[in-house]
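Q: Encoded as structure tokens, here's the structure I'll be asking about.
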Amino acid sequence: MPKKEKVRFGSAGIPLQCKGSSLDAIECSRELGLRAMELEFVRGVKLKEENARLLKPAAKEADVSLSSHAPYWVNCCSADLEKRETSKRNIFAAAQASSWAGARVAVFHPGYYQKKTPKECFILAKETLEATLDSMEKHKVEGVKLGAETVGKKSQYGSLDECIELQQKIDGVMLVFDFAHLHARGDWPFKTEKDYSSLFSKVEKELPGYLKDFHAHFSCINYSDKGELNHLPLEGKNQPPYKPLMKVLAENGYGGTIISESPKLEYDAVKMRKEYLKHL
Ligand SMILES: [Zn+2]
């Protein structure tokens with residue numbers, strides 16, 4: 001008997017071949033065999049409450065799990081208090097819209113070093129995130145975690161170990177893998193199945209239970225010695241390779257969500273799912 005399909009695949013934003021709003025895109029994703037979708041708030045949280053609230057029952061009905069991506073200009077560890085306040089406001093707004101929409105995680109990029117040590121960044125980021133979580137509690141923003149995404153540039157705070165630490169030390173924050181960023185930043189270059197397996201063994205040890213319901217982004221990527229340049233589709237010799245990842249996920253029965261951030265969005269999400277199903 002084939003194993004259960006425990007990984008959901010979806011696109012970052014409305015699939016290219018779907019017309020209309022996020023609400024229409026839920027049904028459209030389902031028709032494509034995709035059971036997840038990330039709401040893109042990367043250029044500001046513009047989703048209105050009344051529209052967000054329509055997404056929750058529709059997503060539940062279609063069995064499409066929603067998540068969101070907070071604005072790009074977040075910097076939780078800026079030395080500038082005003083920038084940290086702006087970060088709080090933006091992450092809070094993303095979390096609130098997520099909660100209305102029934103999205104389980106609001107993903108954010110932790111910040112930038114800007115001459116600070118990793119330890120100094122951690123202290124500032126912790127303060128910013130805890131204050132955000134406090135106001136979420138005060139305003140009854142429920143059912144949504146803040147997702148610390150592994151970043152793609154060496155100048156950014158948010159390596160694999162730093163994101164693991166944020167989850168370990170702040171209740172309400174979870175690690176989000178961006179496999180392309182891990183590869184481009186040099187945190188964890190991927191070539192073979194073994195590279196993926198060893199990443200998962202480390203995470204299983206440091207964050208017990210995480211691999212039952214992880215959240216991740218995948219695409220191929222173009223990069224320099226400073227890290228990320230731009231995301232690429234899953235074709236030809238583009239890196240990192242997706243096929244060994246699909247095999248490792250299926251064979252180990254890991255559960256979670258993979259959002260395609262490829263320029264081909266859902267076409268590559270469908271491609272990943274097809275490969276994943278081969279190994280169940
Ligand atoms: Zn991101």
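We label chains A, B, ... in the order they appear in the structure tokens, count residues from 1 in each chain, and number ligands from 1 in the order shown.
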For ligand 1, list the contacting residues at 10 Å or closer, counting only C-alpha atoms and all ligand atoms, as a ChimeraX atom specification.
A: /A:12,40,42,68-72,107-110,147-152,176-178,181,216-217,261
Q: Only N, CA and C atoms, please: the residues just picked out, written as a JSON list (two decimals), in the first residue's frame.
A:
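Wrote out16.json, looks like this:
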```json
[["chain", "number", "residue", "atom", "x", "y", "z"],
["A", 12, "ALA", "N", 3.89, 30.32, -4.28],
["A", 12, "ALA", "CA", 4.07, 31.58, -3.55],
["A", 12, "ALA", "C", 3.21, 32.62, -4.25],
["A", 40, "GLU", "N", 1.03, 36.40, -0.49],
["A", 40, "GLU", "CA", 2.21, 37.25, -0.57],
["A", 40, "GLU", "C", 1.91, 38.66, -0.07],
["A", 42, "VAL", "N", 4.52, 40.58, 0.59],
["A", 42, "VAL", "CA", 5.92, 41.02, 0.56],
["A", 42, "VAL", "C", 6.07, 42.51, 0.25],
["A", 68, "SER", "N", 1.53, 32.74, 4.92],
["A", 68, "SER", "CA", 1.73, 34.06, 4.32],
["A", 68, "SER", "C", 3.19, 34.46, 4.40],
["A", 69, "HIS", "N", 3.56, 35.45, 3.61],
["A", 69, "HIS", "CA", 4.93, 35.99, 3.66],
["A", 69, "HIS", "C", 4.86, 37.47, 3.98],
["A", 70, "ALA", "N", 5.45, 37.85, 5.11],
["A", 70, "ALA", "CA", 5.45, 39.25, 5.58],
["A", 70, "ALA", "C", 6.30, 40.13, 4.65],
["A", 71, "PRO", "N", 6.11, 41.46, 4.73],
["A", 71, "PRO", "CA", 6.87, 42.37, 3.87],
["A", 71, "PRO", "C", 8.39, 42.18, 3.94],
["A", 72, "TYR", "N", 9.04, 42.49, 2.82],
["A", 72, "TYR", "CA", 10.50, 42.32, 2.69],
["A", 72, "TYR", "C", 11.29, 43.29, 3.56],
["A", 107, "VAL", "N", 5.54, 34.02, 7.41],
["A", 107, "VAL", "CA", 6.99, 33.91, 7.23],
["A", 107, "VAL", "C", 7.64, 35.30, 7.16],
["A", 108, "PHE", "N", 8.82, 35.46, 7.74],
["A", 108, "PHE", "CA", 9.55, 36.74, 7.66],
["A", 108, "PHE", "C", 11.04, 36.48, 7.54],
["A", 109, "HIS", "N", 11.76, 37.49, 7.01],
["A", 109, "HIS", "CA", 13.23, 37.42, 6.95],
["A", 109, "HIS", "C", 13.76, 38.10, 8.20],
["A", 110, "PRO", "N", 14.52, 37.40, 9.06],
["A", 110, "PRO", "CA", 14.88, 37.96, 10.36],
["A", 110, "PRO", "C", 15.58, 39.34, 10.33],
["A", 147, "GLY", "N", 7.20, 32.66, 11.20],
["A", 147, "GLY", "CA", 8.14, 31.75, 10.55],
["A", 147, "GLY", "C", 9.46, 32.42, 10.20],
["A", 148, "ALA", "N", 10.52, 32.05, 10.92],
["A", 148, "ALA", "CA", 11.86, 32.62, 10.67],
["A", 148, "ALA", "C", 12.50, 31.89, 9.49],
["A", 149, "GLU", "N", 12.56, 32.57, 8.35],
["A", 149, "GLU", "CA", 13.06, 31.93, 7.13],
["A", 149, "GLU", "C", 14.57, 32.02, 7.03],
["A", 150, "THR", "N", 15.21, 30.93, 6.66],
["A", 150, "THR", "CA", 16.66, 30.94, 6.42],
["A", 150, "THR", "C", 16.92, 31.82, 5.20],
["A", 151, "VAL", "N", 17.78, 32.82, 5.37],
["A", 151, "VAL", "CA", 17.96, 33.85, 4.35],
["A", 151, "VAL", "C", 19.07, 33.50, 3.35],
["A", 152, "GLY", "N", 19.12, 34.25, 2.24],
["A", 152, "GLY", "CA", 20.00, 33.87, 1.14],
["A", 152, "GLY", "C", 21.32, 34.62, 1.02],
["A", 176, "VAL", "N", 11.65, 28.19, 9.17],
["A", 176, "VAL", "CA", 11.17, 27.93, 7.81],
["A", 176, "VAL", "C", 12.39, 27.69, 6.94],
["A", 177, "PHE", "N", 12.47, 26.51, 6.31],
["A", 177, "PHE", "CA", 13.59, 26.24, 5.40],
["A", 177, "PHE", "C", 13.36, 26.96, 4.09],
["A", 178, "ASP", "N", 14.36, 27.65, 3.61],
["A", 178, "ASP", "CA", 14.36, 28.03, 2.20],
["A", 178, "ASP", "C", 15.57, 27.31, 1.62],
["A", 181, "HIS", "N", 18.00, 29.29, -0.47],
["A", 181, "HIS", "CA", 18.82, 30.19, 0.32],
["A", 181, "HIS", "C", 19.92, 29.44, 1.08],
["A", 216, "ALA", "N", 8.43, 25.11, 4.31],
["A", 216, "ALA", "CA", 9.63, 25.34, 3.50],
["A", 216, "ALA", "C", 9.32, 26.02, 2.18],
["A", 217, "HIS", "N", 10.35, 26.67, 1.64],
["A", 217, "HIS", "CA", 10.30, 27.24, 0.30],
["A", 217, "HIS", "C", 11.30, 26.48, -0.57],
["A", 261, "GLU", "N", 8.86, 28.83, -4.97],
["A", 261, "GLU", "CA", 9.19, 30.24, -5.23],
["A", 261, "GLU", "C", 9.90, 30.38, -6.56]]
```
Q: Could you tell me, as a ChimeraX atom specification, which residues of range 83-273 of chain A DSSP assigns to strand (DSSP E or B) when given the backbone?
A: /A:105-108,111-112,145-149,153,156-157,173-178,214-218,220-224,227-232,256-260
Q: How about saving the chosen residues, N, CA and C atoms kept, as a short mmCIF file (atom, residue, chain, number, x, y, z; two decimals), in the first residue's frame?
A:
```
data_model
loop_
_atom_site.label_atom_id
_atom_site.label_comp_id
_atom_site.auth_asym_id
_atom_site.auth_seq_id
_atom_site.Cartn_x
_atom_site.Cartn_y
_atom_site.Cartn_z
N VAL A 105 1.08 30.08 9.33
CA VAL A 105 2.38 30.69 9.61
C VAL A 105 2.57 31.94 8.76
N ALA A 106 3.13 32.97 9.38
CA ALA A 106 3.50 34.20 8.66
C ALA A 106 5.03 34.23 8.61
N VAL A 107 5.54 34.02 7.41
CA VAL A 107 6.99 33.91 7.23
C VAL A 107 7.64 35.30 7.16
N PHE A 108 8.82 35.46 7.74
CA PHE A 108 9.55 36.74 7.66
C PHE A 108 11.04 36.48 7.54
N GLY A 111 16.59 39.55 9.51
CA GLY A 111 17.22 40.89 9.53
C GLY A 111 18.58 40.95 8.86
N TYR A 112 19.35 41.95 9.25
CA TYR A 112 20.69 42.20 8.67
C TYR A 112 21.70 42.41 9.78
N LYS A 145 1.79 31.10 13.64
CA LYS A 145 3.16 31.20 14.14
C LYS A 145 3.94 32.16 13.27
N LEU A 146 5.01 32.70 13.83
CA LEU A 146 5.91 33.55 13.05
C LEU A 146 7.02 32.66 12.50
N GLY A 147 7.20 32.66 11.20
CA GLY A 147 8.14 31.75 10.55
C GLY A 147 9.46 32.42 10.20
N ALA A 148 10.52 32.05 10.92
CA ALA A 148 11.86 32.62 10.67
C ALA A 148 12.50 31.89 9.49
N GLU A 149 12.56 32.57 8.35
CA GLU A 149 13.06 31.93 7.13
C GLU A 149 14.57 32.02 7.03
N LYS A 153 21.45 35.75 1.75
CA LYS A 153 22.68 36.55 1.58
C LYS A 153 23.52 36.50 2.84
N GLN A 156 22.89 38.97 5.64
CA GLN A 156 21.62 38.87 6.39
C GLN A 156 21.76 37.99 7.62
N TYR A 157 21.10 38.41 8.69
CA TYR A 157 20.99 37.59 9.90
C TYR A 157 19.87 36.59 9.65
N VAL A 173 7.60 31.15 17.54
CA VAL A 173 8.41 31.28 16.32
C VAL A 173 8.77 29.89 15.82
N MET A 174 8.70 29.69 14.50
CA MET A 174 9.14 28.41 13.94
C MET A 174 10.13 28.62 12.79
N LEU A 175 11.01 27.65 12.64
CA LEU A 175 11.97 27.65 11.53
C LEU A 175 11.23 27.46 10.21
N VAL A 176 11.65 28.19 9.17
CA VAL A 176 11.17 27.93 7.81
C VAL A 176 12.39 27.69 6.94
N PHE A 177 12.47 26.51 6.31
CA PHE A 177 13.59 26.24 5.40
C PHE A 177 13.36 26.96 4.09
N ASP A 178 14.36 27.65 3.61
CA ASP A 178 14.36 28.03 2.20
C ASP A 178 15.57 27.31 1.62
N PHE A 214 6.73 20.58 8.93
CA PHE A 214 7.66 21.68 8.63
C PHE A 214 7.04 22.66 7.63
N HIS A 215 7.69 23.82 7.47
CA HIS A 215 7.28 24.74 6.41
C HIS A 215 8.53 25.12 5.63
N ALA A 216 8.43 25.11 4.31
CA ALA A 216 9.63 25.34 3.50
C ALA A 216 9.32 26.02 2.18
N HIS A 217 10.35 26.67 1.64
CA HIS A 217 10.30 27.24 0.30
C HIS A 217 11.30 26.48 -0.57
N PHE A 218 10.94 26.27 -1.82
CA PHE A 218 11.90 25.65 -2.74
C PHE A 218 11.87 26.33 -4.10
N CYS A 220 15.12 26.73 -7.62
CA CYS A 220 16.55 26.72 -7.88
C CYS A 220 17.02 28.16 -7.77
N ILE A 221 18.36 28.37 -7.78
CA ILE A 221 18.84 29.73 -7.48
C ILE A 221 20.16 30.04 -8.17
N ASN A 222 20.32 31.31 -8.48
CA ASN A 222 21.53 31.84 -9.06
C ASN A 222 22.22 32.60 -7.93
N TYR A 223 23.54 32.42 -7.76
CA TYR A 223 24.19 33.07 -6.61
C TYR A 223 25.66 33.39 -6.87
N SER A 224 26.20 34.28 -6.04
CA SER A 224 27.61 34.64 -6.13
C SER A 224 28.26 34.29 -4.79
N GLY A 227 26.22 35.26 -1.87
CA GLY A 227 24.94 34.58 -1.65
C GLY A 227 23.96 34.78 -2.79
N GLU A 228 22.69 34.80 -2.43
CA GLU A 228 21.57 34.83 -3.38
C GLU A 228 21.63 35.95 -4.43
N LEU A 229 21.32 35.62 -5.68
CA LEU A 229 21.11 36.65 -6.71
C LEU A 229 19.65 36.63 -7.15
N ASN A 230 19.22 35.51 -7.72
CA ASN A 230 17.79 35.42 -8.08
C ASN A 230 17.35 33.95 -8.17
N HIS A 231 16.05 33.76 -7.99
CA HIS A 231 15.48 32.42 -8.01
C HIS A 231 15.32 31.93 -9.45
N LEU A 232 15.47 30.64 -9.66
CA LEU A 232 15.41 30.04 -11.00
C LEU A 232 14.42 28.88 -11.01
N GLY A 256 4.77 18.13 5.99
CA GLY A 256 4.90 19.57 6.00
C GLY A 256 4.45 20.18 4.69
N THR A 257 4.93 21.38 4.44
CA THR A 257 4.49 22.14 3.27
C THR A 257 5.70 22.67 2.52
N ILE A 258 5.66 22.54 1.19
CA ILE A 258 6.70 23.14 0.36
C ILE A 258 6.06 24.13 -0.61
N ILE A 259 6.48 25.37 -0.49
CA ILE A 259 5.98 26.43 -1.36
C ILE A 259 7.00 26.67 -2.47
N SER A 260 6.53 26.64 -3.71
CA SER A 260 7.42 26.89 -4.85
C SER A 260 7.60 28.39 -5.05
#
```
Q: I want to know what sits within 10 Å of Glu5 in chain A, based on only C-alpha atoms, with residues of the same chain fewer than 3 positions away left out; could you give that as a list in words?
A: Pro2, Arg8, Ala250, Gly253, Tyr254, Gly255, Gly256, Arg273, Tyr276, Leu277 and Leu280 of chain A
Q: Please return, as number ranges by chain, all residues of range 12-246 of chain A that DSSP assigns to helix (DSSP H, G or I) on the basis of the backbone.
A: A: 22-31, 49-62, 81-101, 118-138, 160-169, 179-185, 193-206, 210-212, 243-246
Q: Kindly indicate which residue among A:Leu166, A:Val248, A:Ala269, A:Ala62 lies nearest to Phe122 in chain A, using only C-alpha atoms for the distances.
A: A:Leu166
Q: Any idea what the distance is between CA of Asp134 in chain A and CA of Val203 in chain A?
A: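 Separation between CA of Asp134 in chain A and CA of Val203 in chain A: 27.1 Å.
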Q: Tell me which protein, DNA and RNA residues are within 12 Å of Lys274 in chain A, counting only C-alpha atoms, leaving out same-chain ones fewer than 6 positions away, and put them as a list of chain:residue names.
A: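 With the cut-off at 12 Å, the set is A:Glu5, A:Val7, A:Arg8, A:Phe9, A:Leu32, A:Gly33, A:Leu34, A:Tyr242, A:Lys243, A:Met246, A:Lys247, A:Ala250, A:Tyr267, A:Asp268, A:Leu280.
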Q: How would the residues just chosen look if you wrote them out with C-alpha atoms as a compact mmCIF listing (two decimals), in the first residue's frame?
A:
```
# COMPACT_ATOMS: atom_id res chain seq x y z
CA GLU A 5 0.88 11.92 1.12
CA VAL A 7 3.79 16.82 2.14
CA ARG A 8 1.63 19.57 0.68
CA PHE A 9 2.84 21.59 -2.30
CA LEU A 32 -4.11 21.45 -9.92
CA GLY A 33 -3.59 18.92 -7.11
CA LEU A 34 -1.93 21.54 -4.90
CA TYR A 242 14.86 18.85 -6.22
CA LYS A 243 14.64 15.14 -7.06
CA MET A 246 11.51 14.57 -2.91
CA LYS A 247 12.88 11.06 -2.44
CA ALA A 250 8.74 10.52 0.80
CA TYR A 267 4.17 24.54 -12.65
CA ASP A 268 7.20 23.68 -10.53
CA LEU A 280 5.54 6.94 -1.91
```
Q: Mind giving me the straight-line distance from CA of Ser65 in chain A to CA of Lys19 in chain A in Å, one decimal?
A: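 About the pair CA of Ser65 in chain A and CA of Lys19 in chain A: they are 19.2 Å apart.
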